[in-house]
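**Student:** Have a look at the structure that comes next, please.
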Amino acid sequence: MFFNIKIFFLTVLLIISSGCSFSPLYNNHSLSSIVFLEPKKSNKDLHNIYRNLDRLFFTNSASEKKYIVSLSLEKRFDDIDVRQDEKVTRMGISKKVTFTLSEIKSKKIIFSGESSASIAFNRVSEPYSNETAKTDSENRLAYSLAQDIRNQLVLLRKQKLTP
């Protein structure tokens, strides 16, 4: 009896799941046709985001590149917690990356988007600790922005761009 119920529910589950039209977001060719315009290395913040994007995009170097993405960055530093003696104990960093996806051959802009994120870190009386905390926060922020840009481009690729 228990065996028959088990088979029945397994059969129902297979019938229901076969009607599902699930397709994975990532596939072998989802990002192969996209290349990023490398920013100047003197712009360390934007280049850090570019390097993270380069790591996140598993592209096939042999595939034809049809689209190019250019990046621009705005950043802002804010004093979040200021004591009465005007000592800053917490600082915030906000970054907004604007990116455009264009066709390489026609230079036509297909998509323009932006990604913004912010992070905060504690400041102490030691300059080295402050600089280390700032650098670590900026690195985490750059990775977060790169992930968001990648997700936007993958969704765009899935919805609009042809394979």
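Residue numbering restarts at 1 in every chain; chains get A, B, ... in the order shown in the structure tokens, and ligands count up from 1 in that same order.
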Write out as an NGL selection string which residues come within 9 Å of A:Ser115 when counting only C-alpha atoms, dropping same-chain ones fewer than 4 positions away.

**Tutor:** :A and (95-99 or 145-146 or 148-149 or 152)

**Student:** Extract, using only C-alpha atoms, all DNA, RNA and protein residues at most 10 Å from A:Arg150, discarding same-chain residues fewer than 2 positions from it, and format them as a ChimeraX atom specification.

**Tutor:** /A:31,52-54,56-57,144-148,152-156

**Student:** Residues of stretch 44-126 of chain A in helix (DSSP H, G or I) according to DSSP, as a list in words?

**Tutor:**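 Those in stretch 44-126 of chain A that DSSP calls helix (DSSP H, G or I) are Lys44, Asp45, Leu46, His47, Asn48, Ile49, Tyr50, Arg51, Asn52, Leu53, Asp54, Arg55 and Leu56 of chain A.
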
**Student:** Next, write the just-selected residues to a file, as a short mmCIF file (atom, residue, chain, number, x, y, z; two decimals), in the first residue's frame, keeping C-alpha atoms as the atom set.

**Tutor:**
```
data_model
loop_
_atom_site.label_atom_id
_atom_site.label_comp_id
_atom_site.auth_asym_id
_atom_site.auth_seq_id
_atom_site.Cartn_x
_atom_site.Cartn_y
_atom_site.Cartn_z
CA LYS A 44 41.88 52.83 -9.21
CA ASP A 45 38.26 52.65 -8.03
CA LEU A 46 36.81 52.08 -11.48
CA HIS A 47 39.63 49.71 -12.42
CA ASN A 48 38.91 47.69 -9.27
CA ILE A 49 35.28 47.28 -10.39
CA TYR A 50 36.49 46.33 -13.88
CA ARG A 51 38.81 43.63 -12.48
CA ASN A 52 35.96 42.19 -10.41
CA LEU A 53 33.73 42.14 -13.50
CA ASP A 54 36.50 40.43 -15.44
CA ARG A 55 36.64 37.72 -12.77
CA LEU A 56 32.86 37.30 -12.65
#
```

**Student:** Just how far from atom CA of A:Lys87 is atom CA of A:Leu141, in Å to one decimal?

**Tutor:**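 So the answer is 24.5 Å.
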
**Student:** Identify, on the basis of only C-alpha atoms, every residue whose closest approach to A:Ser102 does not exceed 8 Å; exclude the query and any residue fewer than 2 positions from it along the same chain; express the result as a list in words.

**Tutor:** Tyr67, Ile68, Val69, Thr100, Ile104, Lys107, Lys108, Ile109, Ile110 and Phe111 of chain A

**Student:** Just the strand (DSSP E or B) stuff from chain A, please, per backbone DSSP, written as a PyMOL selection string.

**Tutor:** chain A and resi 34-36+67-82+88-103+109-122

**Student:** Identify, on the basis of only C-alpha atoms, every residue whose closest approach to A:Glu138 does not exceed 9 Å; exclude the query and any residue fewer than 3 positions from it along the same chain; express the result as a list in words.

**Tutor:**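 What passes the distance filter is Asp45, Asn48, Ile93, Ile119, Ala133, Lys134, Thr135, Leu141, Ala142 and Tyr143 of chain A.
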
**Student:** Output the selection as a compact mmCIF listing (two decimals), in the first residue's frame - N, CA and C atoms for each residue.

**Tutor:**
```txt
# COMPACT_ATOMS: atom_id res chain seq x y z
N ASP A 45 39.58 53.13 -8.45
CA ASP A 45 38.26 52.65 -8.03
C ASP A 45 37.52 51.99 -9.19
N ASN A 48 39.21 48.76 -10.22
CA ASN A 48 38.91 47.69 -9.27
C ASN A 48 37.57 47.03 -9.61
N ILE A 93 30.90 55.30 2.49
CA ILE A 93 31.34 55.44 1.10
C ILE A 93 30.14 55.07 0.22
N ILE A 119 28.54 51.64 1.75
CA ILE A 119 29.08 50.85 2.84
C ILE A 119 29.64 51.81 3.88
N ALA A 133 40.73 49.78 6.91
CA ALA A 133 39.27 49.62 6.91
C ALA A 133 38.66 50.27 5.67
N LYS A 134 39.19 51.41 5.26
CA LYS A 134 38.68 52.09 4.06
C LYS A 134 38.95 51.25 2.82
N THR A 135 40.16 50.73 2.69
CA THR A 135 40.53 49.91 1.53
C THR A 135 39.69 48.64 1.47
N LEU A 141 32.86 46.86 -1.66
CA LEU A 141 31.89 47.65 -2.42
C LEU A 141 32.06 47.44 -3.93
N ALA A 142 33.31 47.38 -4.39
CA ALA A 142 33.58 47.15 -5.81
C ALA A 142 33.07 45.77 -6.24
N TYR A 143 33.26 44.77 -5.41
CA TYR A 143 32.77 43.42 -5.74
C TYR A 143 31.25 43.40 -5.79
```

**Student:** Just how far from atom CA of A:Val82 is atom CA of A:Asn43, in Å to one decimal?

**Tutor:**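 Spanning atom CA of A:Asn43 to atom CA of A:Val82 is a straight-line distance of 29.4 Å.
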
**Student:** Quick one: pull the distance between atom CA of A:Asn139 and atom CA of A:Ser94, Å, one decimal.

**Tutor:** 12.5 Å

**Student:** Taking into account only C-alpha atoms, which residue in the set A:Ser116, A:Ser33, A:Thr89, A:Ser42 is nearest to A:Leu73?

**Tutor:** A:Ser116
